[in-house]
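Here's protein07.pdb, which has PDB, C-alpha atoms:
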```
ATOM      1  CA  LEU I  15       0.000   0.000   0.000
ATOM      2  CA  GLU I  16       2.839   2.365   0.896
ATOM      3  CA  GLU I  17       4.570   1.679  -2.418
ATOM      4  CA  TYR I  18       1.316   2.237  -4.307
ATOM      5  CA  LEU I  19       0.692   5.552  -2.551
ATOM      6  CA  ASN I  20       4.275   6.678  -3.207
ATOM      7  CA  ASP I  21       3.770   6.008  -6.904
ATOM      8  CA  LEU I  22       0.571   8.083  -6.894
ATOM      9  CA  VAL I  23       2.324  10.985  -5.136
ATOM     10  CA  ALA I  24       5.245  10.857  -7.575
ATOM     11  CA  GLY I  25       2.894  10.841 -10.578
ATOM     12  CA  GLY I  26       0.799  13.654  -9.139
ATOM     13  CA  HIS I  27       3.915  15.733  -8.460
ATOM     14  CA  ASN I  28       5.023  15.424 -12.077
ATOM     15  CA  CYS I  29       1.569  16.434 -13.319
ATOM     16  CA  LEU I  30       1.337  19.473 -11.031
ATOM     17  CA  TYR I  31       4.844  20.882 -11.305
ATOM     18  CA  ARG I  32       6.010  20.012 -14.786
ATOM     19  CA  THR I  33       6.483  22.865 -17.243
ATOM     20  CA  PRO I  34       3.248  23.363 -19.182
ATOM     21  CA  PRO I  35       3.556  22.526 -22.886
ATOM     22  CA  THR I  36       4.168  25.537 -25.082
ATOM     23  CA  SER I  37       1.871  25.872 -28.066
ATOM     24  CA  LEU I  38       1.989  28.250 -30.992
ATOM     25  CA  ALA I  39      -1.201  29.871 -29.719
ATOM     26  CA  SER I  40       0.357  30.628 -26.318
ATOM     27  CA  ILE I  41       3.450  32.104 -27.984
ATOM     28  CA  LEU I  42       1.338  34.349 -30.195
ATOM     29  CA  GLU I  43      -0.778  35.399 -27.213
ATOM     30  CA  PHE I  44       2.342  36.342 -25.272
ATOM     31  CA  ILE I  45       3.722  38.418 -28.155
ATOM     32  CA  ALA I  46       0.386  40.127 -28.772
ATOM     33  CA  LEU I  47      -0.726  40.695 -25.158
ATOM     34  CA  GLY I  48       1.650  39.395 -22.503
ATOM     35  CA  PHE I  49       4.788  41.098 -23.795
ATOM     36  CA  PRO I  50       3.382  44.661 -23.888
ATOM     37  CA  ARG I  51       1.763  44.108 -20.464
ATOM     38  CA  LEU I  52       5.099  43.000 -19.049
ATOM     39  CA  LEU I  53       6.882  45.988 -20.589
ATOM     40  CA  ARG I  54       4.374  48.408 -19.056
ATOM     41  CA  ARG I  55       4.828  46.743 -15.672
ATOM     42  CA  ARG I  56       8.582  47.301 -16.030
ATOM     43  CA  TRP I  57       8.166  50.887 -17.203
ATOM     44  CA  ARG I  58      10.908  52.254 -14.932
ATOM     45  CA  ALA I  59      13.558  50.058 -16.546
ATOM     46  CA  PHE I  60      12.161  50.956 -19.972
ATOM     47  CA  ALA I  61      12.217  54.694 -19.176
ATOM     48  CA  LEU I  62      15.845  54.493 -17.987
ATOM     49  CA  SER I  63      16.867  52.553 -21.079
ATOM     50  CA  THR I  64      15.031  55.010 -23.347
ATOM     51  CA  ALA I  65      16.809  57.993 -21.782
ATOM     52  CA  LEU I  66      20.249  56.379 -22.046
ATOM     53  CA  PHE I  67      19.722  55.656 -25.747
ATOM     54  CA  LEU I  68      17.564  58.560 -26.902
ATOM     55  CA  VAL I  69      19.532  61.454 -25.376
ATOM     56  CA  PRO I  70      22.917  60.518 -26.916
ATOM     57  CA  PHE I  71      21.094  59.607 -30.142
ATOM     58  CA  LEU I  72      19.569  63.080 -30.441
ATOM     59  CA  VAL I  73      22.796  64.794 -29.392
ATOM     60  CA  GLY I  74      24.750  62.650 -31.858
ATOM     61  CA  THR I  75      22.316  63.554 -34.642
ATOM     62  CA  LEU I  76      22.719  67.261 -33.889
ATOM     63  CA  VAL I  77      26.512  67.032 -33.722
ATOM     64  CA  GLY I  78      26.705  64.924 -36.885
ATOM     65  CA  ALA I  79      24.511  67.374 -38.789
ATOM     66  CA  THR I  80      26.473  70.454 -37.712
ATOM     67  CA  ARG I  81      29.955  68.938 -37.454
ATOM     68  CA  PRO I  82      30.310  66.042 -39.920
ATOM     69  CA  ASP I  83      34.057  66.019 -39.233
ATOM     70  CA  LEU I  84      33.370  64.825 -35.689
ATOM     71  CA  ALA I  85      31.139  62.076 -37.035
ATOM     72  CA  VAL I  86      34.087  60.869 -39.132
ATOM     73  CA  LEU I  87      36.264  60.596 -36.017
ATOM     74  CA  VAL I  88      33.736  58.412 -34.209
ATOM     75  CA  ALA I  89      32.062  56.390 -36.971
ATOM     76  CA  GLY I  90      35.076  56.123 -39.263
ATOM     77  CA  GLU I  91      35.699  57.701 -42.650
ATOM     78  CA  GLU I  92      35.255  54.449 -44.587
ATOM     79  CA  GLN I  93      31.858  53.678 -43.050
ATOM     80  CA  LEU I  94      30.517  57.175 -43.683
ATOM     81  CA  GLN I  95      31.873  57.188 -47.213
ATOM     82  CA  GLN I  96      30.111  53.916 -47.989
ATOM     83  CA  ALA I  97      26.874  55.202 -46.466
ATOM     84  CA  THR I  98      27.087  58.434 -48.450
ATOM     85  CA  GLU I  99      27.653  56.579 -51.708
ATOM     86  CA  SER I 100      24.762  54.206 -50.981
ATOM     87  CA  TYR I 101      22.205  56.893 -50.134
ATOM     88  CA  SER I 102      23.283  59.419 -52.767
ATOM     89  CA  ARG I 103      21.276  57.384 -55.255
ATOM     90  CA  GLN I 104      18.346  54.966 -55.128
ATOM     91  CA  LEU I 105      19.477  51.484 -54.083
ATOM     92  CA  TYR I 106      17.515  49.664 -56.789
ATOM     93  CA  THR I 107      15.476  50.367 -59.888
ATOM     94  CA  SER I 108      12.157  48.745 -60.695
ATOM     95  CA  THR I 109      13.861  46.360 -63.152
ATOM     96  CA  ASP I 110      16.956  45.573 -61.060
ATOM     97  CA  GLU I 111      17.552  41.811 -61.026
ATOM     98  CA  ARG I 112      19.914  42.056 -58.045
ATOM     99  CA  TYR I 113      17.098  42.843 -55.615
ATOM    100  CA  THR I 114      16.032  39.345 -54.512
ATOM    101  CA  GLY I 115      19.471  37.834 -54.012
ATOM    102  CA  GLU I 116      21.112  40.829 -52.378
ATOM    103  CA  ARG I 117      18.212  41.609 -50.056
ATOM    104  CA  SER I 118      18.007  38.024 -48.835
ATOM    105  CA  PHE I 119      21.689  38.249 -47.936
ATOM    106  CA  MET I 120      21.193  41.600 -46.203
ATOM    107  CA  PHE I 121      18.200  40.242 -44.275
ATOM    108  CA  GLY I 122      20.496  37.639 -42.708
ATOM    109  CA  PHE I 123      23.087  40.321 -41.976
ATOM    110  CA  TYR I 124      20.528  42.577 -40.284
ATOM    111  CA  VAL I 125      19.252  39.721 -38.109
ATOM    112  CA  ASN I 126      22.781  38.853 -36.991
ATOM    113  CA  ASN I 127      23.890  42.444 -36.404
ATOM    114  CA  ASN I 128      20.788  43.720 -34.609
ATOM    115  CA  THR I 129      20.296  40.677 -32.403
ATOM    116  CA  GLY I 130      23.970  40.902 -31.448
ATOM    117  CA  ILE I 131      23.498  44.452 -30.158
ATOM    118  CA  ALA I 132      20.294  43.503 -28.337
ATOM    119  CA  PHE I 133      21.866  40.429 -26.742
ATOM    120  CA  GLN I 134      24.760  42.530 -25.457
ATOM    121  CA  ALA I 135      22.384  45.088 -23.965
ATOM    122  CA  PHE I 136      20.471  42.301 -22.222
ATOM    123  CA  SER I 137      23.254  39.980 -21.071
ATOM    124  CA  LEU I 138      25.617  42.716 -19.863
ATOM    125  CA  GLY I 139      22.980  43.677 -17.331
ATOM    126  CA  ALA I 140      24.565  40.951 -15.215
ATOM    127  CA  LEU I 141      27.517  43.362 -14.712
ATOM    128  CA  ALA I 142      25.421  45.505 -12.367
ATOM    129  CA  GLY I 143      23.869  47.193 -15.400
ATOM    130  CA  ILE I 144      27.121  48.964 -16.305
ATOM    131  CA  GLY I 145      27.562  46.966 -19.502
ATOM    132  CA  THR I 146      23.989  47.735 -20.528
ATOM    133  CA  CYS I 147      24.598  51.458 -20.002
ATOM    134  CA  TYR I 148      27.682  51.278 -22.220
ATOM    135  CA  VAL I 149      25.866  49.466 -25.042
ATOM    136  CA  LEU I 150      22.967  51.937 -25.025
ATOM    137  CA  LEU I 151      25.158  55.037 -24.836
ATOM    138  CA  SER I 152      27.681  53.913 -27.445
ATOM    139  CA  ASN I 153      25.032  52.806 -29.946
ATOM    140  CA  GLY I 154      22.964  55.946 -29.383
ATOM    141  CA  ILE I 155      26.013  58.100 -30.118
ATOM    142  CA  SER I 156      27.213  56.160 -33.166
ATOM    143  CA  ILE I 157      23.766  55.774 -34.770
ATOM    144  CA  GLY I 158      22.996  59.438 -34.108
ATOM    145  CA  LEU I 159      26.290  60.628 -35.611
ATOM    146  CA  VAL I 160      25.775  58.606 -38.784
ATOM    147  CA  GLN I 161      22.223  59.896 -39.107
ATOM    148  CA  GLY I 162      23.375  63.481 -38.583
ATOM    149  CA  ALA I 163      26.141  63.096 -41.155
ATOM    150  CA  MET I 164      23.641  61.814 -43.726
ATOM    151  CA  LEU I 165      21.231  64.665 -42.993
ATOM    152  CA  SER I 166      24.055  67.195 -43.404
ATOM    153  CA  LYS I 167      24.447  66.109 -47.040
ATOM    154  CA  GLY I 168      20.945  67.334 -47.817
ATOM    155  CA  GLY I 169      19.173  66.735 -51.114
ATOM    156  CA  ALA I 170      18.697  63.204 -52.401
ATOM    157  CA  THR I 171      21.087  61.710 -49.844
ATOM    158  CA  ALA I 172      19.039  62.919 -46.881
ATOM    159  CA  VAL I 173      15.747  61.920 -48.499
ATOM    160  CA  ASN I 174      16.963  58.444 -49.467
ATOM    161  CA  PHE I 175      18.392  57.888 -45.990
ATOM    162  CA  THR I 176      15.359  59.024 -43.997
ATOM    163  CA  SER I 177      12.890  57.212 -46.251
ATOM    164  CA  PHE I 178      14.999  54.056 -45.917
ATOM    165  CA  VAL I 179      15.215  53.979 -42.114
ATOM    166  CA  ILE I 180      11.852  55.379 -41.018
ATOM    167  CA  THR I 181       9.781  52.203 -41.331
ATOM    168  CA  HIS I 182      12.014  49.493 -39.852
ATOM    169  CA  GLY I 183      13.376  51.950 -37.281
ATOM    170  CA  SER I 184      10.101  51.739 -35.356
ATOM    171  CA  LEU I 185      10.766  48.091 -34.499
ATOM    172  CA  GLU I 186      14.561  48.106 -34.525
ATOM    173  CA  LEU I 187      15.285  51.069 -32.258
ATOM    174  CA  THR I 188      12.432  50.251 -29.876
ATOM    175  CA  ALA I 189      13.660  46.653 -29.587
ATOM    176  CA  ILE I 190      17.186  47.793 -28.720
ATOM    177  CA  VAL I 191      15.767  49.992 -25.953
ATOM    178  CA  ILE I 192      13.613  47.098 -24.671
ATOM    179  CA  SER I 193      16.700  44.853 -24.624
ATOM    180  CA  GLY I 194      18.372  47.489 -22.469
ATOM    181  CA  ALA I 195      15.352  47.454 -20.156
ATOM    182  CA  ALA I 196      15.707  43.662 -19.907
ATOM    183  CA  GLY I 197      19.332  44.163 -18.898
ATOM    184  CA  PHE I 198      18.336  46.593 -16.157
ATOM    185  CA  VAL I 199      15.716  44.158 -14.829
ATOM    186  CA  LEU I 200      18.461  41.543 -14.684
ATOM    187  CA  ALA I 201      20.698  44.004 -12.844
ATOM    188  CA  GLN I 202      17.893  44.737 -10.378
ATOM    189  CA  SER I 203      17.689  41.074  -9.430
ATOM    190  CA  LEU I 204      21.316  41.191  -8.295
ATOM    191  CA  LEU I 205      21.573  44.706  -6.860
ATOM    192  CA  LEU I 206      18.126  45.123  -5.271
ATOM    193  CA  PRO I 207      16.880  41.689  -4.178
ATOM    194  CA  GLY I 208      14.598  43.186  -1.509
ATOM    195  CA  GLU I 209      13.356  40.597   0.972
ATOM    196  CA  ARG I 210      14.331  37.743  -1.344
ATOM    197  CA  THR I 211      17.684  36.051  -1.424
ATOM    198  CA  ARG I 212      19.721  36.931  -4.497
ATOM    199  CA  MET I 213      19.072  33.506  -5.976
ATOM    200  CA  GLU I 214      15.318  33.851  -5.471
ATOM    201  CA  SER I 215      15.464  37.399  -6.843
ATOM    202  CA  LEU I 216      17.373  36.188  -9.891
ATOM    203  CA  ARG I 217      14.749  33.515 -10.550
ATOM    204  CA  HIS I 218      11.911  36.014 -10.142
ATOM    205  CA  HIS I 219      13.305  38.956 -12.110
ATOM    206  CA  GLY I 220      15.461  36.895 -14.462
ATOM    207  CA  ARG I 221      12.427  35.152 -15.948
ATOM    208  CA  GLU I 222      10.764  38.451 -16.815
ATOM    209  CA  SER I 223      14.062  39.846 -18.066
ATOM    210  CA  LEU I 224      14.407  36.919 -20.455
ATOM    211  CA  GLN I 225      10.816  37.341 -21.639
ATOM    212  CA  LEU I 226      11.498  40.991 -22.462
ATOM    213  CA  ALA I 227      14.639  40.016 -24.374
ATOM    214  CA  LEU I 228      12.788  37.336 -26.335
ATOM    215  CA  GLY I 229      10.011  39.779 -27.225
ATOM    216  CA  ALA I 230      12.635  42.248 -28.413
ATOM    217  CA  GLY I 231      14.147  39.458 -30.513
ATOM    218  CA  VAL I 232      10.815  38.948 -32.281
ATOM    219  CA  MET I 233      10.653  42.690 -32.965
ATOM    220  CA  LEU I 234      14.172  42.640 -34.417
ATOM    221  CA  PHE I 235      13.223  39.783 -36.717
ATOM    222  CA  GLY I 236      10.312  41.861 -38.008
ATOM    223  CA  ALA I 237      12.611  44.876 -38.372
ATOM    224  CA  ALA I 238      15.070  42.810 -40.419
ATOM    225  CA  LEU I 239      12.259  41.729 -42.742
ATOM    226  CA  LEU I 240      11.257  45.341 -43.313
ATOM    227  CA  GLU I 241      14.842  46.534 -43.659
ATOM    228  CA  GLY I 242      15.721  43.730 -46.023
ATOM    229  CA  TYR I 243      12.700  43.747 -48.318
ATOM    230  CA  PHE I 244      10.573  46.887 -47.878
ATOM    231  CA  SER I 245      12.942  49.758 -47.017
ATOM    232  CA  PRO I 246      15.055  49.481 -50.216
ATOM    233  CA  LEU I 247      12.066  49.190 -52.581
ATOM    234  CA  PRO I 248      12.267  51.624 -55.521
ATOM    235  CA  ILE I 249       9.059  53.472 -54.607
ATOM    236  CA  ALA I 250       8.259  57.099 -53.873
ATOM    237  CA  PRO I 251       9.722  58.422 -50.579
ATOM    238  CA  ALA I 252       6.306  59.846 -49.674
ATOM    239  CA  PHE I 253       4.884  56.316 -49.585
ATOM    240  CA  LYS I 254       7.706  55.166 -47.315
ATOM    241  CA  TYR I 255       7.189  58.133 -44.992
ATOM    242  CA  THR I 256       3.505  57.264 -44.743
ATOM    243  CA  ALA I 257       4.274  53.610 -44.053
ATOM    244  CA  GLY I 258       6.902  54.641 -41.498
ATOM    245  CA  ALA I 259       4.516  56.948 -39.636
ATOM    246  CA  LEU I 260       1.921  54.169 -39.575
ATOM    247  CA  ALA I 261       4.526  51.687 -38.293
ATOM    248  CA  TRP I 262       5.537  53.984 -35.413
ATOM    249  CA  LEU I 263       1.869  54.544 -34.546
ATOM    250  CA  LEU I 264       1.092  50.811 -34.535
ATOM    251  CA  VAL I 265       4.137  49.974 -32.410
ATOM    252  CA  GLY I 266       3.149  52.678 -29.916
ATOM    253  CA  LEU I 267      -0.454  51.470 -29.719
ATOM    254  CA  TRP I 268       0.626  47.831 -29.375
ATOM    255  CA  LEU I 269       3.098  48.448 -26.564
ATOM    256  CA  GLY I 270       0.911  51.034 -24.853
ATOM    257  CA  LEU I 271      -2.544  49.478 -25.066
ATOM    258  CA  ALA I 272      -2.407  45.766 -25.960
ATOM    259  CA  GLY I 273      -3.675  43.534 -23.153
ATOM    260  CA  ARG I 274      -5.009  46.440 -21.112
ATOM    261  CA  ASP I 275      -8.661  45.332 -21.362
ATOM    262  CA  ARG I 276      -7.806  41.883 -20.034
ATOM    263  CA  VAL I 277      -5.955  43.333 -17.059
ATOM    264  CA  LEU I 278      -8.938  45.543 -16.218
ATOM    265  CA  ALA I 279     -11.300  42.567 -16.548
ATOM    266  CA  GLU I 280      -9.147  40.457 -14.241
ATOM    267  CA  ASP I 281      -8.993  43.266 -11.661
ATOM    268  CA  SER I 282     -12.797  43.666 -11.804
ATOM    269  CA  ALA I 283     -13.294  39.921 -11.376
ATOM    270  CA  GLY I 284     -10.966  39.909  -8.403
ATOM    271  CA  SER I 285     -12.843  42.803  -6.783
ATOM    272  CA  ALA I 286     -16.180  41.055  -7.315
ATOM    273  CA  GLU I 287     -14.912  37.871  -5.681
ATOM    274  CA  SER I 288     -13.659  39.879  -2.709
TER     275      SER I 288
END
```
Could you express the structure from this file as structure tokens?
Amino acid sequence: LEEYLNDLVAGGHNCLYRTPPTSLASILEFIALGFPRLLRRRWRAFALSTALFLVPFLVGTLVGATRPDLAVLVAGEEQLQQATESYSRQLYTSTDERYTGERSFMFGFYVNNNTGIAFQAFSLGALAGIGTCYVLLSNGISIGLVQGAMLSKGGATAVNFTSFVITHGSLELTAIVISGAAGFVLAQSLLLPGERTRMESLRHHGRESLQLALGAGVMLFGAALLEGYFSPLPIAPAFKYTAGALAWLLVGLWLGLAGRDRVLAEDSAGSAES
């Protein structure tokens, strides 16, 4: 009888405490609703990450636009020269046969490059958040300087550059900032454990930190698709500006409002039960 009961307890334990199976529906629900809810709950980390990236980005843009020579010192003459040559003319024509092959290659490059930056911003949070600060500041400065240098050229170069980056930038830049927020949540688990032990704090905050990083990874994948296949299309800049404005609006609405109704419904249900 004792052996039989032990077997029942062991089987029941495995049923109760095993990791629930992950389905495609649950993944999609997390991306659509759970991820923006989690980001809003961690708004302090997101606000800090935004400030550390956005301020040097704007300053870098201003400096690059007014002093292109300083942008050369930071970004490198070769990189800026290549960028200038690329954006001084339209990347492709409507009959260009290079489009499919080259853009597929660049899609893979964008995925590798952008996820590398995001992973650094997230993982270096383990160094008390100092590494995350460095990644956000350095990338904000370098991206801003390059943007400012392109804007200083004026004419077709500035138009081609801004129309190229505006659409995928909504996902790409926001995802980098969210990766930084994930790094700061990870740093919080080690620096500010509260009443928990550091190991318990790491388990609690580390799970949410990883979820933020994974959500940012999905955003970067979408950004790479846009950057690889939509941004270089030989279409009117006005159409790209319209699509870019719509993309920024949709990203803002998704991260700011998605899942809010469910949270309110759950709170109301909890109040009714009380």
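Between atom CA of I:Gln161 and atom CA of I:Thr98 there is a distance of 10.6 Å.
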Contacts of stretch 45-160 of chain I with stretch 260-277 of chain I up to 8 Å, shortest pair per row, all atoms listed in the file, as CSV:
```
residue,atom,partner,partner_atom,distance
I:Ala46,CA,I:Ala272,CA,6.9
I:Leu47,CA,I:Gly273,CA,4.6
I:Gly48,CA,I:Gly273,CA,6.8
I:Pro50,CA,I:Leu269,CA,4.6
I:Arg51,CA,I:Gly273,CA,6.1
I:Leu53,CA,I:Leu269,CA,7.5
I:Arg54,CA,I:Gly270,CA,7.2
```
Any idea what's packed within 9 Å of I:Ala97, counting all atoms listed in the file, ignoring anything in its chain fewer than 4 positions away? Could you give it as an NGL selection string?
:I and (92-93 or 101-102 or 160 or 164 or 175)
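Counting from atom CA of I:Gly183, the distance to atom CA of I:Ile144 is 25.3 Å.
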Using all atoms listed in the file, determine which residues lie at most 7 Å from stretch 127-140 of chain I, disregarding the query and same-chain residues fewer than 5 positions distant; provide the list as an mmCIF file with C-alpha atoms, in the coordinates of the input.
```cif
data_model
loop_
_atom_site.group_PDB
_atom_site.id
_atom_site.type_symbol
_atom_site.label_atom_id
_atom_site.label_comp_id
_atom_site.auth_asym_id
_atom_site.auth_seq_id
_atom_site.Cartn_x
_atom_site.Cartn_y
_atom_site.Cartn_z
ATOM 1 C CA GLY I 145 27.562 46.966 -19.502
ATOM 2 C CA THR I 146 23.989 47.735 -20.528
ATOM 3 C CA VAL I 149 25.866 49.466 -25.042
ATOM 4 C CA LEU I 150 22.967 51.937 -25.025
ATOM 5 C CA ILE I 190 17.186 47.793 -28.720
ATOM 6 C CA SER I 193 16.700 44.853 -24.624
ATOM 7 C CA GLY I 194 18.372 47.489 -22.469
ATOM 8 C CA ALA I 196 15.707 43.662 -19.907
ATOM 9 C CA GLY I 197 19.332 44.163 -18.898
ATOM 10 C CA PHE I 198 18.336 46.593 -16.157
ATOM 11 C CA LEU I 200 18.461 41.543 -14.684
ATOM 12 C CA ALA I 201 20.698 44.004 -12.844
ATOM 13 C CA ALA I 227 14.639 40.016 -24.374
ATOM 14 C CA GLY I 231 14.147 39.458 -30.513
ATOM 15 C CA LEU I 234 14.172 42.640 -34.417
#
```
Report as a count of residues only all protein, DNA and RNA residues lying within 8 Å of I:Gly74, evaluated on only C-alpha atoms, omitting residues in the same chain fewer than 3 positions from it.
11
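In this structure, atom CA of I:Tyr124 sits 27.3 Å away from atom CA of I:Ala39.
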Give the answer as one residue: which of I:Asn126, I:Gly168, I:Met120, I:Gly258 has the shortest atom-to-atom distance to I:Glu241, using all atoms listed in the file?
I:Met120
Given the file shown, determine the residues that the PyMOL selection byres ((chain I and resi 66) around 8) selects; report them as a PDB file with C-alpha atoms, in the frame of the given file.
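Done, and the output landed in result36.pdb:
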```
ATOM      1  CA  LEU I  62      15.845  54.493 -17.987  1.00  0.00           C
ATOM      2  CA  SER I  63      16.867  52.553 -21.079  1.00  0.00           C
ATOM      3  CA  THR I  64      15.031  55.010 -23.347  1.00  0.00           C
ATOM      4  CA  ALA I  65      16.809  57.993 -21.782  1.00  0.00           C
ATOM      5  CA  PHE I  67      19.722  55.656 -25.747  1.00  0.00           C
ATOM      6  CA  LEU I  68      17.564  58.560 -26.902  1.00  0.00           C
ATOM      7  CA  VAL I  69      19.532  61.454 -25.376  1.00  0.00           C
ATOM      8  CA  PRO I  70      22.917  60.518 -26.916  1.00  0.00           C
ATOM      9  CA  CYS I 147      24.598  51.458 -20.002  1.00  0.00           C
ATOM     10  CA  LEU I 150      22.967  51.937 -25.025  1.00  0.00           C
ATOM     11  CA  LEU I 151      25.158  55.037 -24.836  1.00  0.00           C
ATOM     12  CA  GLY I 154      22.964  55.946 -29.383  1.00  0.00           C
TER      13      GLY I 154
END
```
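For I:Arg212, the residues within 8 Å (counting all atoms listed in the file, excluding itself and residues fewer than 5 positions away along the chain) are Ser203, Leu204 and Pro207 of chain I.
Distance check against I:His182 using only C-alpha atoms: of I:Ala89, I:Leu72, I:Ala257, I:Leu52, the minimum falls on I:Ala257.
Using only C-alpha atoms, the smallest distance between any of I:Leu22, I:Leu94, I:Ala259, I:Leu206 and I:Ser166 comes from I:Leu94.
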From the set I:Ala163, I:Phe119, I:Leu19, I:Leu141, which residue has the shortest atom-to-atom contact distance to I:Leu87, counting all atoms listed in the file?
I:Ala163
So, counting only C-alpha atoms, which residue among I:Asn153, I:Ser245, I:Thr75, I:Gln225 is closest to I:Ile180?
I:Ser245
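The environment of I:Gly122 within 10 Å, counting only C-alpha atoms and disregarding residues fewer than 5 places along the same chain, consists of Arg117, Asn127, Phe235, Ala238, Leu239 and Gly242 of chain I.
In this comparison, which uses all atoms listed in the file, the residue of I:Leu226, I:Cys29, I:Leu15, I:Leu165 approaching I:Val199 most closely is I:Leu226.
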Atoms are missing here; could stretch 234-251 of chain I be completed with N, CA and C atoms and written as a compact mmCIF listing (two decimals), in the frame of the given file?
```
# COMPACT_ATOMS: atom_id res chain seq x y z
N LEU I 234 13.01 42.47 -33.55
CA LEU I 234 14.17 42.64 -34.42
C LEU I 234 14.06 41.78 -35.68
N PHE I 235 13.45 40.62 -35.54
CA PHE I 235 13.22 39.78 -36.72
C PHE I 235 12.29 40.50 -37.70
N GLY I 236 11.22 41.09 -37.16
CA GLY I 236 10.31 41.86 -38.01
C GLY I 236 11.01 43.07 -38.63
N ALA I 237 11.87 43.73 -37.85
CA ALA I 237 12.61 44.88 -38.37
C ALA I 237 13.53 44.46 -39.51
N ALA I 238 14.18 43.30 -39.37
CA ALA I 238 15.07 42.81 -40.42
C ALA I 238 14.30 42.50 -41.70
N LEU I 239 13.09 41.97 -41.56
CA LEU I 239 12.26 41.73 -42.74
C LEU I 239 11.94 43.04 -43.47
N LEU I 240 11.56 44.05 -42.70
CA LEU I 240 11.26 45.34 -43.31
C LEU I 240 12.50 45.97 -43.92
N GLU I 241 13.61 45.91 -43.18
CA GLU I 241 14.84 46.53 -43.66
C GLU I 241 15.40 45.81 -44.88
N GLY I 242 15.18 44.50 -44.92
CA GLY I 242 15.72 43.73 -46.02
C GLY I 242 14.89 43.82 -47.28
N TYR I 243 13.56 43.89 -47.14
CA TYR I 243 12.70 43.75 -48.32
C TYR I 243 11.82 44.96 -48.62
N PHE I 244 11.44 45.74 -47.60
CA PHE I 244 10.57 46.89 -47.88
C PHE I 244 11.36 48.19 -48.01
N SER I 245 12.24 48.47 -47.05
CA SER I 245 12.94 49.76 -47.02
C SER I 245 13.69 50.09 -48.31
N PRO I 246 14.33 49.13 -48.99
CA PRO I 246 15.06 49.48 -50.22
C PRO I 246 14.21 49.46 -51.49
N LEU I 247 12.90 49.25 -51.38
CA LEU I 247 12.07 49.19 -52.58
C LEU I 247 12.15 50.50 -53.38
N PRO I 248 12.21 50.41 -54.68
CA PRO I 248 12.27 51.62 -55.52
C PRO I 248 10.89 52.26 -55.68
N ILE I 249 10.37 52.81 -54.58
CA ILE I 249 9.06 53.47 -54.61
C ILE I 249 9.22 54.89 -54.09
N ALA I 250 8.20 55.68 -54.24
CA ALA I 250 8.26 57.10 -53.87
C ALA I 250 8.54 57.25 -52.38
N PRO I 251 9.44 58.18 -52.01
CA PRO I 251 9.72 58.42 -50.58
C PRO I 251 8.47 58.77 -49.78
```
